[in-house]
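**Q** Supplied structure: input_22.cif, mmCIF, C-alpha atoms.
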data_model
#
loop_
_atom_site.group_PDB
_atom_site.id
_atom_site.type_symbol
_atom_site.label_atom_id
_atom_site.label_comp_id
_atom_site.auth_asym_id
_atom_site.auth_seq_id
_atom_site.Cartn_x
_atom_site.Cartn_y
_atom_site.Cartn_z
ATOM 1 C CA MET A 1423 99.907 47.992 73.862
ATOM 2 C CA SER A 1424 96.771 47.793 75.985
ATOM 3 C CA SER A 1425 94.363 44.980 75.475
ATOM 4 C CA ILE A 1426 90.655 45.527 74.948
ATOM 5 C CA LYS A 1427 90.083 44.233 78.463
ATOM 6 C CA ASP A 1428 92.467 46.845 79.904
ATOM 7 C CA LEU A 1429 90.772 49.595 77.929
ATOM 8 C CA LYS A 1430 87.338 48.498 79.156
ATOM 9 C CA LEU A 1431 88.573 48.422 82.751
ATOM 10 C CA ALA A 1432 90.035 51.913 82.365
ATOM 11 C CA GLN A 1433 86.764 53.136 80.884
ATOM 12 C CA LYS A 1434 84.827 51.533 83.742
ATOM 13 C CA ALA A 1435 87.090 53.250 86.279
ATOM 14 C CA ALA A 1436 86.587 56.603 84.539
ATOM 15 C CA ASN A 1437 82.818 56.091 84.606
ATOM 16 C CA GLU A 1438 82.941 55.279 88.315
ATOM 17 C CA GLN A 1439 84.975 58.428 88.928
ATOM 18 C CA ARG A 1440 82.392 60.534 87.081
ATOM 19 C CA GLN A 1441 79.636 58.821 89.076
ATOM 20 C CA VAL A 1442 81.332 59.668 92.392
ATOM 21 C CA ILE A 1443 81.749 63.289 91.324
ATOM 22 C CA SER A 1444 78.065 63.385 90.405
ATOM 23 C CA GLU A 1445 77.096 61.834 93.749
ATOM 24 C CA LEU A 1446 79.198 64.393 95.625
ATOM 25 C CA GLN A 1447 77.511 67.208 93.712
ATOM 26 C CA THR A 1448 74.119 65.688 94.531
ATOM 27 C CA LEU A 1449 75.106 65.601 98.208
ATOM 28 C CA VAL A 1450 75.934 69.310 98.045
ATOM 29 C CA LYS A 1451 72.522 70.103 96.547
ATOM 30 C CA ASP A 1452 70.759 67.952 99.149
ATOM 31 C CA ILE A 1453 72.664 69.583 102.009
ATOM 32 C CA GLU A 1454 71.830 73.028 100.640
ATOM 33 C CA ARG A 1455 68.169 72.017 100.384
ATOM 34 C CA CYS A 1456 68.247 70.882 104.027
ATOM 35 C CA GLU A 1457 69.831 74.186 105.004
ATOM 36 C CA LYS A 1458 67.111 76.169 103.230
ATOM 37 C CA THR A 1459 64.407 73.982 104.769
ATOM 38 C CA ILE A 1460 65.617 74.441 108.345
ATOM 39 C CA VAL A 1461 66.032 78.210 107.869
ATOM 40 C CA LYS A 1462 62.496 78.460 106.527
ATOM 41 C CA LEU A 1463 61.180 76.211 109.296
ATOM 42 C CA ASN A 1464 62.869 78.308 111.992
ATOM 43 C CA GLU A 1465 61.342 81.464 110.505
ATOM 44 C CA GLU A 1466 57.933 79.808 110.394
ATOM 45 C CA LEU A 1467 58.242 78.666 114.004
ATOM 46 C CA ARG A 1468 59.241 82.163 115.147
ATOM 47 C CA GLY A 1469 56.235 83.525 113.247
ATOM 48 C CA VAL A 1470 53.866 81.056 114.911
ATOM 49 C CA ASN A 1471 55.249 81.870 118.354
ATOM 50 C CA SER A 1472 54.963 85.612 117.816
ATOM 51 C CA LYS A 1473 51.464 85.271 116.343
ATOM 52 C CA TYR A 1474 50.167 83.497 119.438
ATOM 53 C CA GLN A 1475 51.913 85.465 122.209
ATOM 54 C CA GLY A 1476 50.035 86.519 125.312
ATOM 55 C CA ARG A 1477 46.668 85.403 126.573
ATOM 56 C CA ARG A 1478 44.778 83.056 124.353
ATOM 57 C CA SER A 1479 41.360 81.584 124.112
ATOM 58 C CA THR A 1480 40.827 77.875 123.613
ATOM 59 C CA ARG A 1481 40.292 78.514 119.906
ATOM 60 C CA GLU A 1482 43.649 80.311 119.717
ATOM 61 C CA ASP A 1483 45.302 77.469 121.656
ATOM 62 C CA VAL A 1484 43.974 74.987 119.082
ATOM 63 C CA GLY A 1485 45.255 77.187 116.240
ATOM 64 C CA TYR A 1486 48.650 77.492 117.898
ATOM 65 C CA LEU A 1487 48.945 73.764 118.502
ATOM 66 C CA THR A 1488 47.809 73.007 114.949
ATOM 67 C CA GLU A 1489 50.476 75.283 113.513
ATOM 68 C CA LEU A 1490 53.086 73.793 115.863
ATOM 69 C CA LEU A 1491 52.091 70.324 114.671
ATOM 70 C CA GLU A 1492 52.619 71.401 111.050
ATOM 71 C CA CYS A 1493 56.074 72.698 111.974
ATOM 72 C CA ALA A 1494 56.833 69.424 113.767
ATOM 73 C CA LYS A 1495 55.828 67.431 110.685
ATOM 74 C CA LYS A 1496 58.127 69.533 108.525
ATOM 75 C CA LYS A 1497 60.952 69.085 111.003
ATOM 76 C CA LEU A 1498 60.403 65.328 111.021
ATOM 77 C CA ALA A 1499 60.700 65.271 107.226
ATOM 78 C CA TRP A 1500 63.860 67.382 107.515
ATOM 79 C CA GLU A 1501 65.315 64.955 110.071
ATOM 80 C CA LYS A 1502 64.637 62.056 107.689
ATOM 81 C CA ASN A 1503 66.520 63.911 104.954
ATOM 82 C CA ILE A 1504 69.433 64.515 107.318
ATOM 83 C CA ALA A 1505 69.465 60.822 108.288
ATOM 84 C CA SER A 1506 69.549 59.882 104.615
ATOM 85 C CA LEU A 1507 72.488 62.230 104.058
ATOM 86 C CA GLN A 1508 74.289 60.754 107.055
ATOM 87 C CA LYS A 1509 73.885 57.278 105.561
ATOM 88 C CA ARG A 1510 74.879 58.186 102.003
ATOM 89 C CA THR A 1511 77.850 60.424 102.711
ATOM 90 C CA PRO A 1512 80.245 57.821 104.183
ATOM 91 C CA GLN A 1513 79.467 55.424 101.324
ATOM 92 C CA VAL A 1514 80.269 58.063 98.691
ATOM 93 C CA LEU A 1515 83.437 59.095 100.520
ATOM 94 C CA GLU A 1516 84.579 55.483 100.806
ATOM 95 C CA LYS A 1517 84.007 54.921 97.090
ATOM 96 C CA MET A 1518 85.919 58.127 96.294
ATOM 97 C CA SER A 1519 88.803 57.013 98.489
ATOM 98 C CA GLN A 1520 88.951 53.648 96.711
ATOM 99 C CA LEU A 1521 88.980 55.321 93.306
ATOM 100 C CA ILE A 1522 91.677 57.835 94.259
ATOM 101 C CA HIS A 1523 93.924 55.097 95.604
ATOM 102 C CA ASP A 1524 93.303 52.642 92.755
ATOM 103 C CA PRO A 1525 96.832 51.633 91.669
ATOM 104 C CA GLN A 1526 95.739 50.144 88.351
ATOM 105 C CA HIS A 1527 93.475 52.975 87.173
ATOM 106 C CA PRO A 1528 94.280 56.169 89.078
ATOM 107 C CA PRO A 1529 92.086 59.141 88.270
ATOM 108 C CA SER A 1530 93.364 61.759 85.864
ATOM 109 C CA GLU A 1531 94.415 65.112 87.277
ATOM 110 C CA GLU A 1532 91.142 66.539 85.973
ATOM 111 C CA SER A 1533 89.076 63.877 87.769
ATOM 112 C CA ARG A 1534 91.163 64.206 90.901
ATOM 113 C CA GLY A 1535 90.624 67.979 90.863
ATOM 114 C CA ALA A 1536 86.885 67.569 90.284
ATOM 115 C CA MET A 1537 86.657 65.117 93.199
ATOM 116 C CA LEU A 1538 88.566 67.490 95.453
ATOM 117 C CA GLY A 1539 86.432 70.452 94.407
ATOM 118 C CA SER A 1540 83.234 68.492 95.003
ATOM 119 C CA LEU A 1541 84.513 67.271 98.353
ATOM 120 C CA GLN A 1542 85.307 70.857 99.392
ATOM 121 C CA ALA A 1543 81.811 71.922 98.292
ATOM 122 C CA VAL A 1544 80.334 69.170 100.493
ATOM 123 C CA GLN A 1545 82.443 70.350 103.431
ATOM 124 C CA THR A 1546 81.418 73.984 102.945
ATOM 125 C CA ALA A 1547 77.735 73.073 102.651
ATOM 126 C CA MET A 1548 77.942 70.927 105.797
ATOM 127 C CA GLU A 1549 79.589 73.764 107.732
ATOM 128 C CA ARG A 1550 76.817 76.162 106.685
ATOM 129 C CA LEU A 1551 74.188 73.615 107.704
ATOM 130 C CA GLN A 1552 75.885 73.100 111.061
ATOM 131 C CA ASN A 1553 75.955 76.862 111.640
ATOM 132 C CA VAL A 1554 72.241 77.107 110.880
ATOM 133 C CA LYS A 1555 71.439 74.220 113.240
ATOM 134 C CA THR A 1556 73.337 75.794 116.133
ATOM 135 C CA GLU A 1557 71.831 79.274 115.791
#
Have the structure of the file written as structure tokens, please.
**A**
Amino acid sequence: MSSIKDLKLAQKAANEQRQVISELQTLVKDIERCEKTIVKLNEELRGVNSKYQGRRSTREDVGYLTELLECAKKKLAWEKNIASLQKRTPQVLEKMSQLIHDPQHPPSEESRGAMLGSLQAVQTAMERLQNVKTE
């Protein structure tokens, strides 16, 4: 028969497993948001470049540079989001690895499947983001 302490530890492990699954799902959403942002930014940059093609007056140069600066600010914010993802992802993956290999409180098949599914969603989202970045 399990003691109350064992039951509490098992419940704590289950809560940590749910938390990791939630964090992985949050990573997927954040990666998808970064993907949408960079696609939109690339479209905006192409629009700015096409708008100001050819000979320009000083006024048009100022407009062009102003719009480029706005794009650069958006890209800087995007890069900060990417840096945040790069920091958070290894921590979440390490925690997931610890939970999966916990000999005392291994995850249930349902939790294990949810972790795997979330991990695959992260991988897919990262591949899409990488493809957008290299286009």
**Q** Considering only C-alpha atoms, return as a list in words whatever protein or nucleic-acid residues lie within 10 Å of Gln1433 (chain A), sequence-local ones (same chain, fewer than 6 positions apart) excluded.
**A**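 Everything that qualifies: Lys1427, Gln1439 and His1527 of chain A.
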**Q** Between A:Ala1435, A:Gly1476, A:Thr1448, A:Thr1459, which is the closest to Asp1524 (chain A) once you count only C-alpha atoms?
**A**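 Closest to Asp1524 (chain A), using only C-alpha atoms: A:Ala1435.
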**Q** Give me the residues near Ser1444 (chain A) as an MDAnalysis selection string, where near means some atom within 12 Å (using only C-alpha atoms) and where sequence neighbours in that chain fewer than 6 positions away do not count.
**A** chainID A and resid 1437:1438 1450:1451 1514 1518 1533 1536:1537 1539:1541 1544
**Q** Compile the contact shell of Gln1545 (chain A) as a list in words: residues with an atom at most 12 Å away, counting all atoms listed in the file, same-chain residues fewer than 6 positions apart removed.
**A** Leu1446, Gln1447, Leu1449, Val1450, Ile1453, Glu1454, Thr1511, Leu1515, Leu1538, Gly1539, Leu1551 and Gln1552 of chain A
**Q** I need the output of the PyMOL selection byres ((chain A and resi 1469-1472) around 10) for this file as an mmCIF file with C-alpha atoms, in the frame of the given file; which residues are they?
**A**
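And here is the file that came out, part-v4.cif:
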data_model
loop_
_atom_site.group_PDB
_atom_site.id
_atom_site.type_symbol
_atom_site.label_atom_id
_atom_site.label_comp_id
_atom_site.auth_asym_id
_atom_site.auth_seq_id
_atom_site.Cartn_x
_atom_site.Cartn_y
_atom_site.Cartn_z
ATOM 1 C CA LEU A 1463 61.180 76.211 109.296
ATOM 2 C CA ASN A 1464 62.869 78.308 111.992
ATOM 3 C CA GLU A 1465 61.342 81.464 110.505
ATOM 4 C CA GLU A 1466 57.933 79.808 110.394
ATOM 5 C CA LEU A 1467 58.242 78.666 114.004
ATOM 6 C CA ARG A 1468 59.241 82.163 115.147
ATOM 7 C CA LYS A 1473 51.464 85.271 116.343
ATOM 8 C CA TYR A 1474 50.167 83.497 119.438
ATOM 9 C CA GLN A 1475 51.913 85.465 122.209
ATOM 10 C CA GLY A 1476 50.035 86.519 125.312
ATOM 11 C CA GLY A 1485 45.255 77.187 116.240
ATOM 12 C CA TYR A 1486 48.650 77.492 117.898
ATOM 13 C CA LEU A 1487 48.945 73.764 118.502
ATOM 14 C CA GLU A 1489 50.476 75.283 113.513
ATOM 15 C CA LEU A 1490 53.086 73.793 115.863
ATOM 16 C CA CYS A 1493 56.074 72.698 111.974
#
